[in-house]
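Notes follow the structure.
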Amino acid sequence: MSTYARDQAVSAWEQWRERRGAAVSAPHGPLALTGTHWLDDVADGAIPGLPGVWRQEDGAVVRDLDGTATVLRPEGGPLLLPDGRKVLAINREGLLAVRVWDPESAARTAFAGIDVFPRDARWAVPGRFTPFEAARSVRVANADGQERGLGLSGELAFTVDGVAHTLAVTVEDDGRLWAVLADATSGKTTFRFRFLYTEAPAADGTLTVDLNRTQLPPCAFSDAFICPFPPPGNTLPYALEAGERALLTS
């Protein structure tokens with residue numbers, strides 16, 4: 001790689017780091033999530049800290065407050081409260097929940113950055129995506145202790161230092177690939193698992209796999225997220241000393 005190309009790669013990685021820091025610390029970013037409240041577990045329609053009476057009806061969440069009903073649909077927009085908090089309805093395998101983001105959350109106030117490994121060009125390697133004949137789903141544990149389906153679209157193959165491996169991945173709406181993975185550092189010098197997003201593959205399936213951009217999952221920033229654990233086969237057989245490794249707090 002030429003000096004110019006190397007400098008461009010480093011600059012792009014530094015910009016990615018800046019964007020990540022801004023995104024996770026945004027007023028309604030991952031650090032601001034303070035609760036995920038499943039409607040099946042809500043007694044008498046009361047959600048701690050939220051005004052109104054909450055219920056589920058026809059696949060939507062309904063809040064009754066002062067004689068006015070507000071409907072929140074999982075595919076719809078959020079409800080913004082006067083104090084700056086954001087409320088959103090989600091659906092996970094037919095179960096409805098209400099999520100609450102608070103810009104004044106303790107986690108957001110204490111945020112001091114994301115600890116990362118230094119960028120190393122050895123972790124940016126050629127890869128190839130091979131789609132499955134048909135999309136499939138596997139049951140995996142989630143960060144909240146429940147088991148849920150994880151949709152998978154195909155396999156991403158790459159080689160690092162002569163060691164070949166494949167990861168089961170999902171194709172995102174924008175064409176990027178998403179993998180949930182672990183490695184020999186997981187739960188030791190890094191979070192117990194991490195996410196990897198790649199660029200969209202070319203028509204022939206080729207792409208660059210930049211493991212320097214391996215990132216912490218949302219549940220590293222808030223216990224209220226229900227991130228999926230890695231599916232079978234998605235544990236790398238070596239120490240992936242690349243990308244984000246831990247949340248820093250003040």
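Ordered as shown in the structure tokens, chains take letters A, B, and onward, while each chain numbers its residues from 1 and ligands are numbered from 1 in the order shown.
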Inset, instruction - Fewer than 5 positions away in the same chain doesn't count, so skip those; otherwise give me all residues within 10 Å of A:Asp161, counting only C-alpha atoms, as a list in words. - result: Arg122, Trp123 and Val125 of chain A
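All residues of protein, DNA or RNA that reach within 9 Å of A:Leu150, judged by only C-alpha atoms and not counting those fewer than 3 positions away in the chain, are Arg136, Ser137, Val138, Arg139, Val140, Thr170, Pro228 and Pro231 of chain A.
Here atom CA of A:Ala200 stands at a distance of 16.6 Å from atom CA of A:Asn212.
With distances restricted to only C-alpha atoms, A:Glu155 is the closest residue to A:Gly233 from A:Leu177, A:Gly187, A:Glu155, A:Tyr197.
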Inset, instruction - Could you give me, as a PyMOL selection string, the residues within 12 Å of A:Ala106, counting only C-alpha atoms and dropping anything in the same chain fewer than 5 positions from it? - result: chain A and resi 25+31-34+101+111+221-222+249-250
Resulting file, chosen residues, N, CA and C atoms, as an mmCIF file, in the first residue's frame:
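Output file again-v7.cif follows:
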data_model
loop_
_atom_site.group_PDB
_atom_site.id
_atom_site.type_symbol
_atom_site.label_atom_id
_atom_site.label_comp_id
_atom_site.auth_asym_id
_atom_site.auth_seq_id
_atom_site.Cartn_x
_atom_site.Cartn_y
_atom_site.Cartn_z
ATOM 1 N N SER A 25 -23.066 8.954 22.033
ATOM 2 C CA SER A 25 -23.273 9.958 23.081
ATOM 3 C C SER A 25 -24.325 10.990 22.712
ATOM 4 N N LEU A 31 -26.315 5.436 24.874
ATOM 5 C CA LEU A 31 -26.050 5.732 26.282
ATOM 6 C C LEU A 31 -27.268 6.313 26.998
ATOM 7 N N ALA A 32 -28.211 6.834 26.218
ATOM 8 C CA ALA A 32 -29.388 7.469 26.825
ATOM 9 C C ALA A 32 -30.518 6.483 27.087
ATOM 10 N N LEU A 33 -30.407 5.242 26.595
ATOM 11 C CA LEU A 33 -31.481 4.271 26.814
ATOM 12 C C LEU A 33 -31.516 3.851 28.287
ATOM 13 N N THR A 34 -32.637 4.102 28.932
ATOM 14 C CA THR A 34 -32.750 3.807 30.372
ATOM 15 C C THR A 34 -33.684 2.650 30.684
ATOM 16 N N TRP A 101 -35.599 6.678 26.211
ATOM 17 C CA TRP A 101 -34.294 7.332 26.157
ATOM 18 C C TRP A 101 -34.344 8.624 26.953
ATOM 19 N N PHE A 111 -19.987 9.267 30.291
ATOM 20 C CA PHE A 111 -19.263 8.801 29.105
ATOM 21 C C PHE A 111 -17.954 9.560 28.914
ATOM 22 N N PHE A 221 -23.441 -0.292 26.116
ATOM 23 C CA PHE A 221 -23.703 1.072 26.561
ATOM 24 C C PHE A 221 -24.913 1.172 27.476
ATOM 25 N N SER A 222 -25.823 0.193 27.387
ATOM 26 C CA SER A 222 -27.010 0.195 28.244
ATOM 27 C C SER A 222 -27.518 -1.225 28.420
ATOM 28 N N THR A 249 -15.503 5.455 31.144
ATOM 29 C CA THR A 249 -16.358 6.326 31.931
ATOM 30 C C THR A 249 -15.523 7.206 32.843
ATOM 31 N N SER A 250 -16.091 8.330 33.225
ATOM 32 C CA SER A 250 -15.373 9.259 34.103
ATOM 33 C C SER A 250 -15.784 9.032 35.554
#
Inset, instruction - Check the smallest atom-to-atom distance from each of A:Ala203, A:Ala112, A:Ala157, A:Val42 to A:Gly21 using only C-alpha atoms, then report the winner. - result: A:Ala112
Inset, instruction - Pull the strand (DSSP E) assignments for stretch 38-222 of chain A out of DSSP run on the backbone, and list those residues as a VMD selection string. - result: chain A and resid 38 53 to 57 60 to 65 68 to 72 79 to 80 86 to 92 95 to 101 111 to 116 124 to 141 147 to 160 163 to 171 177 to 181 194 to 198 206 to 210
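If you measure from each of A:Arg108, A:Arg55, A:Arg73, A:Lys86 to A:Leu39 using only C-alpha atoms, the closest one turns out to be A:Arg55.
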Inset, instruction - Considering only C-alpha atoms, state which residue in the set A:Trp16, A:Phe193, A:Tyr238, A:Trp54 is at the smallest distance from A:Leu96. - result: A:Trp54
